[in-house]
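Asker: Structure file structure.txt (compact mmCIF, C-alpha atoms and all ligand atoms) right here:
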```txt
# COMPACT_ATOMS: atom_id res chain seq x y z
CA MET A 8 12.65 14.40 11.00
CA HIS A 9 13.92 11.12 12.41
CA ARG A 10 12.10 11.79 15.66
CA GLN A 11 8.87 12.50 13.83
CA TYR A 12 9.19 9.24 11.92
CA LYS A 13 9.49 7.36 15.19
CA LEU A 14 6.34 9.01 16.49
CA VAL A 15 4.40 8.01 13.42
CA GLY A 16 5.63 4.48 13.99
CA LEU A 17 3.99 4.31 17.42
CA ALA A 18 0.62 2.69 17.87
CA SER A 19 -1.76 4.70 15.77
CA ALA A 20 -4.49 4.37 18.35
CA LEU A 21 -2.38 6.37 20.82
CA LEU A 22 -1.90 9.08 18.24
CA ALA A 23 -5.60 9.09 17.58
CA VAL A 24 -6.37 9.61 21.24
CA PHE A 25 -3.76 12.22 22.12
CA VAL A 26 -2.85 14.03 18.91
CA PRO A 27 -4.78 14.57 15.70
CA VAL A 28 -2.99 12.56 13.02
CA THR A 29 -3.23 15.48 10.62
CA VAL A 30 -0.68 17.53 12.57
CA PHE A 31 2.03 15.25 11.19
CA ALA A 32 3.41 15.96 7.78
CA ALA A 33 3.34 12.95 5.49
CA SER A 34 6.39 10.75 5.87
CA THR A 35 7.59 8.60 3.01
CA VAL A 36 8.76 5.06 3.71
CA THR A 37 10.72 3.18 1.06
CA VAL A 38 9.68 -0.46 0.72
CA ASN A 39 12.43 -2.57 -0.89
CA THR A 40 10.89 -6.02 -0.48
CA THR A 41 7.35 -7.35 -0.14
CA GLU A 42 8.23 -8.52 3.39
CA SER A 43 9.30 -5.22 4.91
CA GLN A 44 8.00 -2.00 6.48
CA GLY A 45 5.00 -3.89 7.83
CA TRP A 46 3.92 -5.37 4.48
CA THR A 47 3.61 -9.11 3.97
CA LYS A 48 2.37 -11.89 1.69
CA ASP A 49 2.08 -14.18 4.75
CA PRO A 50 -1.06 -16.33 4.38
CA LEU A 51 -2.16 -15.33 7.88
CA TYR A 52 -2.85 -11.86 6.50
CA ALA A 53 -2.77 -12.05 2.71
CA ASP A 54 -4.69 -14.31 0.33
CA ASN A 55 -2.41 -15.28 -2.57
CA ARG A 56 -3.58 -17.96 -4.99
CA PRO A 57 -1.83 -19.77 -7.87
CA GLY A 58 -1.39 -17.68 -11.00
CA GLY A 59 -0.91 -14.51 -9.03
CA THR A 60 2.40 -12.61 -8.97
CA LEU A 61 3.44 -9.69 -6.86
CA GLU A 62 6.94 -8.21 -6.70
CA ILE A 63 8.83 -4.94 -6.76
CA THR A 64 10.14 -4.32 -10.30
CA ASP A 65 10.94 -1.49 -12.70
CA THR A 66 8.72 -2.97 -15.43
CA TYR A 67 6.17 -0.16 -15.30
CA GLY A 68 8.34 2.53 -13.73
CA ALA A 69 6.74 4.71 -11.07
CA PRO A 70 4.54 7.76 -10.67
CA GLU A 71 6.38 11.09 -10.65
CA GLY A 72 8.31 11.57 -7.42
CA PHE A 73 8.30 7.89 -6.49
CA GLY A 74 11.54 6.64 -8.00
CA THR A 75 11.85 4.25 -10.90
CA SER A 76 10.11 1.09 -9.69
CA SER A 77 6.84 -0.04 -8.13
CA LEU A 78 4.83 -3.04 -6.93
CA GLU A 79 4.13 -5.09 -10.08
CA ILE A 80 1.02 -7.28 -9.83
CA GLY A 81 -0.19 -9.95 -12.21
CA THR A 82 -3.16 -12.30 -12.22
CA LEU A 83 -2.78 -14.80 -15.03
CA THR A 84 -6.13 -16.53 -14.58
CA GLY A 85 -9.55 -15.70 -13.22
CA ALA A 86 -8.84 -17.84 -10.16
CA ALA A 87 -5.53 -16.10 -9.44
CA LYS A 88 -5.33 -13.65 -6.56
CA SER A 89 -2.50 -11.39 -5.44
CA GLN A 90 -2.45 -9.59 -2.11
CA LEU A 91 0.06 -7.57 -0.17
CA ALA A 92 -1.19 -6.92 3.35
CA HIS A 93 -0.19 -4.44 6.05
CA PRO A 94 -1.63 -5.79 9.32
CA LEU A 95 -1.88 -3.31 12.21
CA ALA A 96 -0.63 -4.46 15.62
CA THR A 97 -3.00 -1.92 17.11
CA PRO A 98 -6.21 -1.46 15.12
CA VAL A 99 -6.91 2.04 13.83
CA LYS A 100 -10.39 3.50 14.30
CA LEU A 101 -12.13 3.89 10.96
CA ALA A 102 -13.29 7.30 12.22
CA ASP A 103 -9.62 8.36 12.43
CA LEU A 104 -8.78 7.41 8.85
CA ASN A 105 -8.23 10.77 7.20
CA GLU A 106 -5.86 10.00 4.34
CA LEU A 107 -5.95 7.02 2.00
CA SER A 108 -4.71 7.10 -1.57
CA TYR A 109 -2.58 5.20 -4.07
CA SER A 110 -1.36 5.26 -7.63
CA THR A 111 -2.12 2.52 -10.14
CA TYR A 112 -0.86 1.51 -13.58
CA ARG A 113 -2.66 -0.79 -16.00
CA SER A 114 -0.48 -2.22 -18.75
CA SER A 115 -1.86 -2.43 -22.28
CA THR A 116 -0.49 -5.99 -22.33
CA SER A 117 -3.49 -6.81 -20.11
CA THR A 118 -6.18 -8.97 -21.65
CA SER A 119 -8.61 -8.65 -18.74
CA VAL A 120 -12.04 -7.25 -19.44
CA PRO A 121 -13.52 -4.85 -18.79
CA GLU A 122 -10.48 -2.67 -19.39
CA SER A 123 -11.30 -0.71 -16.26
CA GLN A 124 -9.99 -3.45 -13.95
CA LEU A 125 -7.20 -2.30 -11.63
CA PRO A 126 -5.69 -3.31 -8.29
CA ALA A 127 -7.99 -2.42 -5.38
CA ILE A 128 -7.57 -1.29 -1.78
CA ASN A 129 -9.09 -3.56 0.88
CA LEU A 130 -9.62 -2.57 4.50
CA VAL A 131 -10.22 -5.42 6.92
CA ILE A 132 -12.60 -4.05 9.54
CA ASP A 133 -14.45 -4.92 12.72
CA TYR A 134 -17.50 -2.80 11.95
CA ASN A 135 -19.08 -2.93 15.41
CA GLY A 136 -15.82 -2.41 17.26
CA PRO A 137 -13.78 -4.62 19.60
CA ASP A 138 -16.31 -4.41 22.46
CA GLN A 139 -18.95 -6.35 20.53
CA ALA A 140 -18.70 -9.90 19.20
CA GLY A 141 -18.48 -10.43 15.45
CA GLY A 142 -18.28 -7.56 13.04
CA PHE A 143 -15.84 -8.86 10.44
CA SER A 144 -16.02 -7.44 6.94
CA THR A 145 -13.73 -6.14 4.24
CA LEU A 146 -14.25 -2.74 2.64
CA VAL A 147 -13.24 -2.47 -1.00
CA PHE A 148 -12.15 0.56 -3.05
CA GLU A 149 -11.99 0.19 -6.83
CA PRO A 150 -11.16 3.06 -9.20
CA VAL A 151 -13.92 2.07 -11.64
CA TYR A 152 -16.65 3.00 -9.12
CA GLN A 153 -15.35 6.52 -8.67
CA GLU A 154 -16.55 9.66 -10.41
CA GLY A 155 -15.63 9.34 -14.08
CA GLY A 156 -16.05 5.57 -14.04
CA ALA A 157 -14.39 3.32 -16.60
CA ALA A 158 -13.80 6.20 -19.00
CA ALA A 159 -11.38 7.77 -16.53
CA ILE A 160 -9.08 4.75 -16.50
CA ASN A 161 -6.15 4.81 -18.91
CA GLU A 162 -3.68 2.12 -19.94
CA ASP A 163 0.10 2.58 -19.80
CA ALA A 164 -0.27 5.55 -17.47
CA TRP A 165 0.11 6.16 -13.76
CA GLN A 166 -3.07 7.44 -12.14
CA SER A 167 -3.60 8.61 -8.57
CA TRP A 168 -6.78 7.78 -6.63
CA ASP A 169 -8.06 9.41 -3.44
CA ALA A 170 -9.84 6.65 -1.51
CA ALA A 171 -10.74 8.72 1.60
CA GLY A 172 -13.70 10.97 2.39
CA ASP A 173 -16.23 10.95 -0.41
CA ALA A 174 -14.61 8.11 -2.38
CA ILE A 175 -16.97 5.24 -3.16
CA TRP A 176 -16.57 1.89 -1.39
CA TRP A 177 -18.46 -1.38 -1.00
CA SER A 178 -18.43 -4.04 1.71
CA THR A 179 -17.93 -7.80 1.24
CA ARG A 180 -20.45 -8.46 4.04
CA SER A 181 -23.64 -6.73 5.06
CA ILE A 182 -22.85 -3.86 7.42
CA PRO A 183 -24.79 -0.80 8.57
CA GLY A 184 -24.92 1.61 5.63
CA ALA A 185 -23.83 -0.99 3.06
CA ALA A 186 -26.36 -3.80 3.04
CA THR A 187 -25.16 -5.71 -0.05
CA GLN A 188 -22.02 -6.07 -2.15
CA SER A 189 -23.76 -3.88 -4.71
CA THR A 190 -24.29 -0.99 -2.29
CA TYR A 191 -21.80 1.66 -3.33
CA VAL A 192 -21.44 4.36 -0.70
CA THR A 193 -18.90 6.95 0.40
CA LEU A 194 -16.32 6.12 3.02
CA ASN A 195 -17.73 9.01 5.04
CA ALA A 196 -21.15 7.35 5.01
CA ILE A 197 -19.66 4.04 6.18
CA LYS A 198 -17.79 5.87 8.94
CA ALA A 199 -20.97 7.61 10.08
CA ALA A 200 -22.97 4.38 10.13
CA ASN A 201 -20.23 2.45 11.98
CA PRO A 202 -18.78 4.84 14.59
CA ASP A 203 -17.05 2.07 16.56
CA ALA A 204 -15.46 0.37 13.54
CA THR A 205 -11.76 -0.43 13.62
CA ILE A 206 -9.28 -1.35 10.85
CA SER A 207 -7.01 -4.34 11.50
CA SER A 208 -5.25 -4.46 8.13
CA TYR A 209 -4.98 -2.65 4.85
CA ILE A 210 -4.36 -4.64 1.71
CA ILE A 211 -3.43 -4.11 -1.94
CA ASN A 212 -5.58 -6.65 -3.80
CA GLN A 213 -5.89 -7.90 -7.37
CA GLY A 214 -8.23 -10.77 -8.28
CA SER A 215 -9.94 -13.08 -8.30
CA GLY A 216 -11.86 -12.38 -11.48
CA ASN A 217 -9.01 -10.42 -13.08
CA ALA A 218 -7.71 -12.91 -15.68
CA GLY A 219 -4.84 -11.36 -17.62
CA LEU A 220 -4.51 -8.15 -15.60
CA TYR A 221 -0.95 -6.78 -15.56
CA ALA A 222 -0.70 -3.75 -13.32
CA ALA A 223 1.30 -1.94 -10.69
CA VAL A 224 0.81 0.09 -7.50
CA ASP A 225 2.96 2.75 -5.85
CA ALA A 226 2.67 5.81 -3.59
CA PHE A 227 0.30 4.10 -1.14
CA ASN A 228 -0.73 6.57 1.57
CA PHE A 229 -2.35 5.29 4.77
CA ASN A 230 -3.03 8.19 7.13
CA GLY A 231 0.06 10.14 6.16
CA THR A 232 2.54 7.28 5.91
CA VAL A 233 3.35 7.09 2.22
CA TYR A 234 4.88 3.84 0.98
CA ASN A 235 7.22 4.07 -2.01
CA PHE A 236 7.71 0.57 -3.46
CA GLU A 237 11.20 0.68 -4.87
CA LEU A 238 13.90 -1.78 -5.90
CA LYS A 239 17.06 -1.59 -3.85
CA PRO A 240 19.75 0.39 -5.68
CA PHE A 241 22.66 -1.80 -6.82
CA LYS A 242 25.26 0.16 -4.90
CA ALA A 243 25.83 3.29 -2.84
CA THR A 244 26.52 6.50 -4.73
CA SER A 245 27.46 8.70 -1.75
CA LYS A 246 29.34 8.15 1.49
CA GLU A 247 26.29 9.41 3.40
CA GLN A 248 24.29 6.44 2.14
CA CYS A 249 26.75 4.06 3.83
CA LYS A 250 26.08 5.48 7.30
CA ASN A 251 23.49 4.32 9.86
CA ASP A 252 23.68 0.71 8.63
CA GLY A 253 22.89 1.84 5.10
CA TRP A 254 25.86 -0.27 3.93
CA ARG A 255 24.15 -3.31 5.42
CA ASN A 256 20.51 -2.72 4.48
CA ASP A 257 20.06 -0.41 1.55
CA PHE A 258 21.87 -1.97 -1.44
CA VAL A 259 21.99 -5.10 -3.53
CA THR A 260 25.77 -5.07 -3.26
CA VAL A 261 27.03 -6.87 -0.15
CA TYR A 262 29.57 -4.66 1.65
CA LYS A 263 31.86 -5.99 4.37
CA ASN A 264 31.30 -2.95 6.55
CA GLN A 265 30.73 0.81 6.40
CA GLY A 266 34.35 1.44 5.41
CA ASP A 267 34.08 -0.99 2.51
CA CYS A 268 30.97 0.88 1.33
CA VAL A 269 32.68 4.27 1.62
CA SER A 270 35.77 3.17 -0.25
CA SER A 271 33.61 1.62 -2.96
CA VAL A 272 31.92 5.00 -3.42
CA ALA A 273 35.32 6.71 -3.56
CA SER A 274 36.69 4.29 -6.15
CA ASN A 275 33.64 4.80 -8.38
CA LYS A 276 34.02 8.55 -8.49
CA ASN A 277 35.87 8.70 -11.82
CA CA B 301 8.48 3.54 -6.44
```
Please lay out the structure from this file as structure tokens.

Answerer:
Amino acid sequence: MHRQYKLVGLASALLAVFVPVTVFAASTVTVNTTESQGWTKDPLYADNRPGGTLEITDTYGAPEGFGTSSLEIGTLTGAAKSQLAHPLATPVKLADLNELSYSTYRSSTSTSVPESQLPAINLVIDYNGPDQAGGFSTLVFEPVYQEGGAAAINEDAWQSWDAAGDAIWWSTRSIPGAATQSTYVTLNAIKAANPDATISSYIINQGSGNAGLYAAVDAFNFNGTVYNFELKPFKATSKEQCKNDGWRNDFVTVYKNQGDCVSSVASNKN
């Protein structure tokens, strides 16, 4: 399992060339902070504006199977914007994007209208590929444009969205197959019209234009790597958890060393 994880961590382009990505079972990666496992709020990659908040909390819980916490996102004003980006050191061909999904939660404390607003997925692309100049655009997935529309979106509930294949997307710039921001087309159609396109970053985005939206995201799947946004547990509950630098990395509690972690587990047994 560990070996497989390492393979998935290699440059995706290599995988795409030599091995179909689909032969790998999905691997789940736990994300304990917004600056880990390849995710970042760094302004080089993510556009965060005043009034936007983005942090891992247990406020809205998590979808089933994804722990007890998630990525909580707020945009207080219409100008606010919250983004968590996952730049790719080696761009992934859009044609090789086979799995893309996430779960969202819209709190009923939200005042944003329409009530169908939710965090979106953005893909930063080079639609004509690296061998041609230009080609920048951002593809956008929003649940409200999917089959079922606004009526399918519930408050105070976790909902899962498949953004791959026949899911509906739009492009921030004019690209082949999606001429305007109001052209809503399937991802498959965009792939077909832009065979050389590459993805340089995938982003969880909320705002601008989402004044008073209080929401959360979890279970983000990019091509089989599933990110579980999850608060660090306060302390270890088994000796196993202390091993492999777990004592150092995996808990809020600061242990002196692995032995300290193990003895803490032992002393909490009763
Ligand atoms: Ca979670």

Asker: I'd like to know which of A:Asn55, A:Asn275, A:Ser108, A:Ser167 is closest to A:Thr232, using all atoms listed in the file.

Answerer: A:Ser108

Asker: Between atom CA of A:Glu149 and atom CA of A:Asp49, what is the distance in Å, rounded to a tenth?

Answerer: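 Computing it gives 23.2 Å between the two atoms.
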
Asker: When you count all atoms listed in the file, which of these residues is closest to ligand CA 301 (chain B): A:Asp133, A:Asp173, A:Glu62, A:Glu154?

Answerer: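 That would be A:Glu62, the residue with the smallest distance to ligand CA 301 (chain B).
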
Asker: Could you give me, as a PDB file with C-alpha atoms, keeping the file's coordinate frame, the residues that sit within 12 Å of (-16.4, 5.9, 11.6) in the file's coordinates, counting only C-alpha atoms?

Answerer:
```pdb
ATOM      1  CA  VAL A  99      -6.910   2.040  13.830  1.00  0.00           C
ATOM      2  CA  LYS A 100     -10.390   3.500  14.300  1.00  0.00           C
ATOM      3  CA  LEU A 101     -12.130   3.890  10.960  1.00  0.00           C
ATOM      4  CA  ALA A 102     -13.290   7.300  12.220  1.00  0.00           C
ATOM      5  CA  ASP A 103      -9.620   8.360  12.430  1.00  0.00           C
ATOM      6  CA  LEU A 104      -8.780   7.410   8.850  1.00  0.00           C
ATOM      7  CA  ASN A 105      -8.230  10.770   7.200  1.00  0.00           C
ATOM      8  CA  ILE A 132     -12.600  -4.050   9.540  1.00  0.00           C
ATOM      9  CA  ASP A 133     -14.450  -4.920  12.720  1.00  0.00           C
ATOM     10  CA  TYR A 134     -17.500  -2.800  11.950  1.00  0.00           C
ATOM     11  CA  ASN A 135     -19.080  -2.930  15.410  1.00  0.00           C
ATOM     12  CA  GLY A 136     -15.820  -2.410  17.260  1.00  0.00           C
ATOM     13  CA  ALA A 171     -10.740   8.720   1.600  1.00  0.00           C
ATOM     14  CA  GLY A 172     -13.700  10.970   2.390  1.00  0.00           C
ATOM     15  CA  PRO A 183     -24.790  -0.800   8.570  1.00  0.00           C
ATOM     16  CA  GLY A 184     -24.920   1.610   5.630  1.00  0.00           C
ATOM     17  CA  THR A 193     -18.900   6.950   0.400  1.00  0.00           C
ATOM     18  CA  LEU A 194     -16.320   6.120   3.020  1.00  0.00           C
ATOM     19  CA  ASN A 195     -17.730   9.010   5.040  1.00  0.00           C
ATOM     20  CA  ALA A 196     -21.150   7.350   5.010  1.00  0.00           C
ATOM     21  CA  ILE A 197     -19.660   4.040   6.180  1.00  0.00           C
ATOM     22  CA  LYS A 198     -17.790   5.870   8.940  1.00  0.00           C
ATOM     23  CA  ALA A 199     -20.970   7.610  10.080  1.00  0.00           C
ATOM     24  CA  ALA A 200     -22.970   4.380  10.130  1.00  0.00           C
ATOM     25  CA  ASN A 201     -20.230   2.450  11.980  1.00  0.00           C
ATOM     26  CA  PRO A 202     -18.780   4.840  14.590  1.00  0.00           C
ATOM     27  CA  ASP A 203     -17.050   2.070  16.560  1.00  0.00           C
ATOM     28  CA  ALA A 204     -15.460   0.370  13.540  1.00  0.00           C
ATOM     29  CA  THR A 205     -11.760  -0.430  13.620  1.00  0.00           C
ATOM     30  CA  ILE A 206      -9.280  -1.350  10.850  1.00  0.00           C
TER      31      ILE A 206
END
```

Asker: What separation in Å, quoted to one decimal, exists between atom CA of A:Thr116 and atom CA of A:Asp169?

Answerer: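 Answer for the atom CA of A:Thr116 to atom CA of A:Asp169 separation: 25.5 Å.
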
Asker: To one decimal place, how far is atom CA of A:Val233 from atom CA of A:Leu125 in Å?

Answerer: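 Atom-to-atom, atom CA of A:Val233 and atom CA of A:Leu125 are spaced 19.8 Å apart.
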
Asker: Do you know which residues are at most 10 Å from A:Glu122 counting only C-alpha atoms, after dropping those on the same chain fewer than 4 positions away, and could you put them as a list in words?

Answerer: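 What passes the distance filter is Arg113, Ser115, Ser117, Thr118, Val151, Ala157, Ala158, Ile160, Asn161, Glu162 and Leu220 of chain A.
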
Asker: I need the chosen residues saved as a compact mmCIF listing (two decimals), in the frame of the given file, with C-alpha atoms.

Answerer:
```txt
# COMPACT_ATOMS: atom_id res chain seq x y z
CA ARG A 113 -2.66 -0.79 -16.00
CA SER A 115 -1.86 -2.43 -22.28
CA SER A 117 -3.49 -6.81 -20.11
CA THR A 118 -6.18 -8.97 -21.65
CA VAL A 151 -13.92 2.07 -11.64
CA ALA A 157 -14.39 3.32 -16.60
CA ALA A 158 -13.80 6.20 -19.00
CA ILE A 160 -9.08 4.75 -16.50
CA ASN A 161 -6.15 4.81 -18.91
CA GLU A 162 -3.68 2.12 -19.94
CA LEU A 220 -4.51 -8.15 -15.60
```

Asker: Ranking A:Pro137, A:Gly216, A:Pro98, A:Pro150 by minimum distance to A:Ser123 and counting only C-alpha atoms, which one comes first?

Answerer: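 The closest residue to A:Ser123 is A:Pro150.
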
Asker: Pick out the closest residue to A:Ser77 from this set: A:Ala186, A:Ile175, A:Leu238, A:Ala273. Count only C-alpha atoms.

Answerer: A:Leu238

Asker: With distances taken over only C-alpha atoms, which residue among A:Phe236, A:Tyr112, A:Phe148, A:Trp168 lies nearest A:Gly81?

Answerer: A:Tyr112
